[in-house]
Every structure is written in structure tokens, then in C-alpha cells.
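Beneath this line is the structure, given in C-alpha cells, with notes to follow.
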Amino acid sequence: MNPENRDVIQEKLNYLETMKFNPKKRKENPIQIKYEEPNKTNLKVDSQKTKFDANNKRNFEYIWNKIQEMREKRDSVVDVMGCHCAHDRNAPKEIRDFQLLVALIISVQNREESTYAAVQRLKQHGLNAQNIYNTDESKILEIIGGVNFNKTKAKNIKNAATLIVEKYDGVVPNKWDVLLTFPGVGNKIAVLFLNFGHGLEVGIGVDTHVHRISNRLGLVHTKLPDQTRVELESFVPKKYWSEYNVLFVGFGQQICLPINPKCEKCLLNNICPEGKKKLEGENENVEIKSLKKHKKNQRSEMETLEKIEINLNLKKEKTETPTLTLTVEDLYKNFSKSWKKPE
Ligand code: SF4
């Protein structure tokens with residue numbers, strides 16, 4: 001029992017004792033027990049620390065710096081197995097570019113680990129445009145194995161090698177619009193190829209992670225990754241474009257997970273609309289549980305009080321019930337004038 005409540009009950013018991021159990025009086029002055037309200041303010045996230053805005057574009061620099069802080073160790077899967085580190089760094093530039101392009105083609109809707117392993121197997125086979133040009137599509141399919149959409153990707157890799165050898169003299173073109181003519185190469189691949197391979201800040205590579213996190217944070221409000229790219233490029237300073245993808249993807253792999261993001265650990269939970277919603281929802285649950293528990297305690301304490309009151313009533317009634325024990329002599333003494341002792 002809450003010590004404060006115990007004091008209140010004791011006070012009420014004292015009151016009952018002095019009431020002489022006059023039911024009428026009790027009715028006029030019903031007993032009221034007041035309980036302290038639980039401290040709701042302690043349970044909530046402090047949203048006043050930083051200005052909250054459902055449209056967080058104006059907080060972009062703050063968001064960027066906080067994600068940098070959370071990603072300080074650069075130890076997510078994308079940091080060690082991303083497309084930008086799958087190619088052979090010591091190979092000549094045209095081979096590195098081809099390997100990067102192949103890695104990017106395989107990476108579409110595929111996990112980093114699986115993409116990385118497939119590229120390593122292709123490298124063992126000989127991952128350069130000429131060799132892939134000479135390799136059967138079925139063999140490429142066999143090497144890349146169980147990656148998602150493996151048949152389409154094997155075909156795209158083969159077609160890309162054919163185009164590069166036959167049309168571009170064995171060199172992957174470094175023009176965004178030309179890259180888009182390659183089968184299986186969309187905006188994201190073209191942008192990332194030019195970012196990673198040529199250090200060109202031609203755009204922001206937006207995949208599902210980047211799309212999801214940018215929307216959660218209120219940086220954009222879009223339905224499709226391509227819309228997100230256009231929207232982001234309208235206000236994100238160019239100096240951040242080439243780093244944006246890897247920074248956000250790693251953040252999405254470690255903290256802002258697709259399911260059950262770790263908002264409680266996230267340094268942006270004070271300005272992120274999604275994080276605020278999630279944490280306040282959790283706090284509300286805590287509040288509801290706390291209130292339920294409080295009400296349960298309140299009920300049981302009331303019951304205890306009622307029981308004590310009933311017991312006291314019974315005791316009092318017992319002691320107050322007049323028990324008249326008179327002898328014949330007593331009667332004679334008291335009523336002698338009008339009463340005659342029987343013969
Ligand atoms: S608060 Fe949660 S939803 Fe928002 S960015 Fe952080 S982890 Fe993602």
C-alpha cells in the first residue's frame with residue numbers, strides 16, 4: 001500500500017471513531033479519499049529540446065550531423081560489403097568501373113552480403129567486360145546463384161558487357177543519360193556509378209532505405225524513390241549528394257530499421273515525426289498501465305477501508321446494544337408503588 005494512502009486511511013479511521021457512527025451524519029459528510037494523480041510529465045519525451053517540425057527540410061544540417069554522429073564507426077554492412085567496396089581496387093580503371101557497374105546491377109532489391117558474395121564469385125571467374133562478353137548467359141546465371149531476380153540480372157550483365165565491348169570500346173561510359181540506355185540501369189544505378197566511380201555529384205542515389213528514412217524524418221513526403229530523389233536534390237546541398245546514400249543506408253541497417261526502428265536510441269527522436277509518434281505511443285501504454293494499476297490499488301484500498309468501517313460498526317453496535325439484566329428485587333425496588341410482589 002502506498003504510504004501516503006495509508007496515512008489518508010488512518011486519518012479517515014480516526015474520523016470514523018469520532019463520528020460515533022451516526023449514519024445520518026455520515027451521509028451528510030461522505031468520506032472522500034483523494035489520491036495523487038500519477039506524474040504524467042515524467043513519462044513523456046521532451047519535445048521542447050529542439051524545434052519540432054513535420055517538414056524537417058530546415059533542420060537538414062542538424063539531421064545530417066546527428067546521423068554522422070550515430071554512424072561514426074562506419075561499421076554497418078554497407079560500409080564493408082556495399083557496391084562501392086565490392087570491386088577490385090587494384091585493377092585498372094576500366095575493369096574497376098565494369099565491376100562496379102555489375103555490382104550495382106546485382107544489388108537491386110538484393111541484400112549487401114549476397115551481392116558482395118556474387119561479385120566475388122564473378123571476380124574468380126574473371127570480371128571484366130571482355131570475359132563476360134565471352135561467357136554464356138547461363139554460366140553467369142550459375143555464378144551469381146540465388147540473388148534476387150537472378151535470371152534478369154544475368155541477362156542484364158551479359159547485355160551490358162556486349163554494349164561496352166561492341167559500342168564503347170571496352171569502357172563503361174561516364175555519362176548519366178548514356179548509362180540509362182543500358183538494360184537494368186535506372187536512375188539510382190547511374191547516379192551511384194558516377195558518384196562512386198567518378199566522384200561526380202550528379203544526384204542522390206535513392207533506394208528503399210534512403211526513401212524510407214527521408215520520409216520518416218519528414219525531409220520529404222513522397223510515395224516513390226524517384227520522387228524522393230527529385231525532392232531531396234531540390235534542397236540538399238550538393239556537397240552531400242555522393243555521401244547521402246551510404247550514410248543513410250548504413251543508418252537504416254543499424255538504427256532506423258525497416259521494422260521496429262530503434263527510436264529510443266536514435267539521436268533524432270526529438271525532431272523525427274515517426275520517432276515521436278512511436279515513443280509517445282509507448283509512453284501512453286506505460287501511462288495506461290500505470291493508471292490501471294493505480295485504480296486497482298485505489299479499489300482495494302477502498303474495500304479495505306469499507307471492511308474496517310463495517311467491523312468497527314459491528315463492534316460499536318455490539319458494545320452499544322443495551323443488555324438489561326434485572327432481578328425480581330430490582331423490579332420490586334423500582335416499581336414498588338404500582339406493582340405487587342407475587343405471592
Ligand atoms: S527516431 Fe526512429 S524513425 Fe526517426 S529516424 Fe530515428 S530511428 Fe528512424
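Identifiers for the C-alpha cells are assigned positionally: chains receive A, B, ... in sequence, residues are indexed from 1 per chain, and ligands are indexed from 1 in the order shown.
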Taking a cut-off of 6 Å and counting only C-alpha atoms and all ligand atoms, can you build a table that, for each residue of chain A near ligand 1, reports the nearest atom pair and how far apart they are in Å (one decimal), sorted by chain then residue number, as CSV?
residue,atom,partner,partner_atom_place_in_ligand_line,distance
A:Arg216,CA,ligand 1,3 (S),5.5
A:Leu217,CA,ligand 1,5 (S),5.5
A:Ile255,CA,ligand 1,7 (S),5.3
A:Cys256,CA,ligand 1,7 (S),3.8
A:Pro261,CA,ligand 1,7 (S),4.8
A:Lys262,CA,ligand 1,7 (S),4.9
A:Cys263,CA,ligand 1,2 (Fe),3.5
A:Cys266,CA,ligand 1,6 (Fe),4.6
A:Leu268,CA,ligand 1,6 (Fe),5.1
A:Asn269,CA,ligand 1,1 (S),3.8
A:Cys272,CA,ligand 1,4 (Fe),4.6
A:Glu274,CA,ligand 1,3 (S),4.8
A:Gly275,CA,ligand 1,1 (S),3.6
Contacts of region 85-88 of chain A at 8 Å or less, counting only C-alpha atoms, minus same-chain residues fewer than 6 places along, as a list in words?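 That gives Asp79, Arg96, Gln99, Leu100, Ala103, Tyr116, Val119 and Gln120 of chain A.
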Could you save the residues just selected, with N, CA and C atoms, as a CSV table (one decimal), in the first residue's frame?
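Wrote it out as selection13.csv, contents follow:
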chain,number,residue,atom,x,y,z
A,79,ASP,N,29.0,-0.5,-45.2
A,79,ASP,CA,30.4,0.1,-45.1
A,79,ASP,C,31.4,-0.9,-45.5
A,96,ARG,N,37.7,-1.8,-63.0
A,96,ARG,CA,37.0,-1.4,-61.7
A,96,ARG,C,35.6,-0.8,-62.0
A,99,GLN,N,33.3,-3.7,-62.9
A,99,GLN,CA,32.9,-4.4,-61.7
A,99,GLN,C,31.9,-3.7,-60.8
A,100,LEU,N,32.2,-2.4,-60.8
A,100,LEU,CA,31.2,-1.5,-60.0
A,100,LEU,C,29.8,-1.6,-60.6
A,103,ALA,N,28.2,-4.9,-59.9
A,103,ALA,CA,27.8,-4.9,-58.5
A,103,ALA,C,26.5,-4.2,-58.3
A,116,TYR,N,27.6,-8.9,-52.5
A,116,TYR,CA,29.1,-9.0,-52.4
A,116,TYR,C,29.6,-10.4,-52.7
A,119,VAL,N,29.6,-11.0,-56.5
A,119,VAL,CA,30.6,-10.3,-57.2
A,119,VAL,C,32.0,-11.0,-57.0
A,120,GLN,N,32.2,-11.5,-55.8
A,120,GLN,CA,33.5,-12.2,-55.5
A,120,GLN,C,33.6,-13.4,-56.4
Pick the closest to Gln130 (chain A) from A:Leu247, A:Ala117, A:Ile144, A:Val172: which is it, counting only C-alpha atoms? A:Val172
Given only C-alpha atoms as the basis, pick out the residue of A:Leu219, A:Leu127, A:Ala118, A:Val206 nearest to Gly186 (chain A). A:Val206
9 Å contact set for Val191 (chain A), only C-alpha atoms, chain neighbours under 3 positions out, as a PyMOL selection string: chain A and resi 176+186-188+194-196+200-206+242
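The spacing separating CA of Val220 (chain A) from CA of Leu180 (chain A) amounts to 24.9 Å.
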Would you please extract all helix (DSSP H, G or I) residues from region 115-302 of chain A, as assigned by DSSP on the backbone, and give them as an MDAnalysis selection string? chainID A and resid 115:125 129:133 137:144 150:167 176:179 187:198 208:216 225:233 238:254 273:302
Using only C-alpha atoms, pick whichever of A:Ile189, A:Val108, A:Val102, A:Ile213 has the shortest atom-to-atom distance to Thr228 (chain A).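 Selected residue with least distance to Thr228 (chain A): A:Ile213.
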Applying 12 Å and only C-alpha atoms, which residues near Asp75 (chain A) remain after dropping the ones on its own chain fewer than 5 positions away? List them as a list in words. Met70, Val80, Met81, Gly82, Val246, Leu247, Val249, Gly250, Phe251, Gln253 and Gln254 of chain A
Take the residues from that selection and write them out as an mmCIF file, in the first residue's frame, keeping C-alpha atoms.
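Wrote result09.cif, looks like this:
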data_model
loop_
_atom_site.group_PDB
_atom_site.id
_atom_site.type_symbol
_atom_site.label_atom_id
_atom_site.label_comp_id
_atom_site.auth_asym_id
_atom_site.auth_seq_id
_atom_site.Cartn_x
_atom_site.Cartn_y
_atom_site.Cartn_z
ATOM 1 C CA MET A 70 25.460 7.876 -34.978
ATOM 2 C CA VAL A 80 32.169 -3.215 -45.617
ATOM 3 C CA MET A 81 30.126 -5.003 -48.280
ATOM 4 C CA GLY A 82 28.489 -2.202 -50.244
ATOM 5 C CA VAL A 246 25.849 5.143 -47.958
ATOM 6 C CA LEU A 247 25.287 7.300 -44.878
ATOM 7 C CA VAL A 249 21.672 3.076 -45.902
ATOM 8 C CA GLY A 250 24.017 2.265 -43.002
ATOM 9 C CA PHE A 251 21.770 4.238 -40.641
ATOM 10 C CA GLN A 253 20.696 -1.040 -41.317
ATOM 11 C CA GLN A 254 21.697 -0.209 -37.756
#
Compile the contact shell of Gly145 (chain A) as an MDAnalysis selection string: residues with an atom at most 12 Å away, counting only C-alpha atoms, same-chain residues fewer than 5 positions apart removed. chainID A and resid 106 114:115 117:122 138:140 150:151 153:154
CA of His221 (chain A) to CA of Cys83 (chain A): how many Å, to one decimal? 27.6 Å
Record the distance separating CA of Pro183 (chain A) and CA of Lys155 (chain A), expressed in Å with one decimal. 8.7 Å
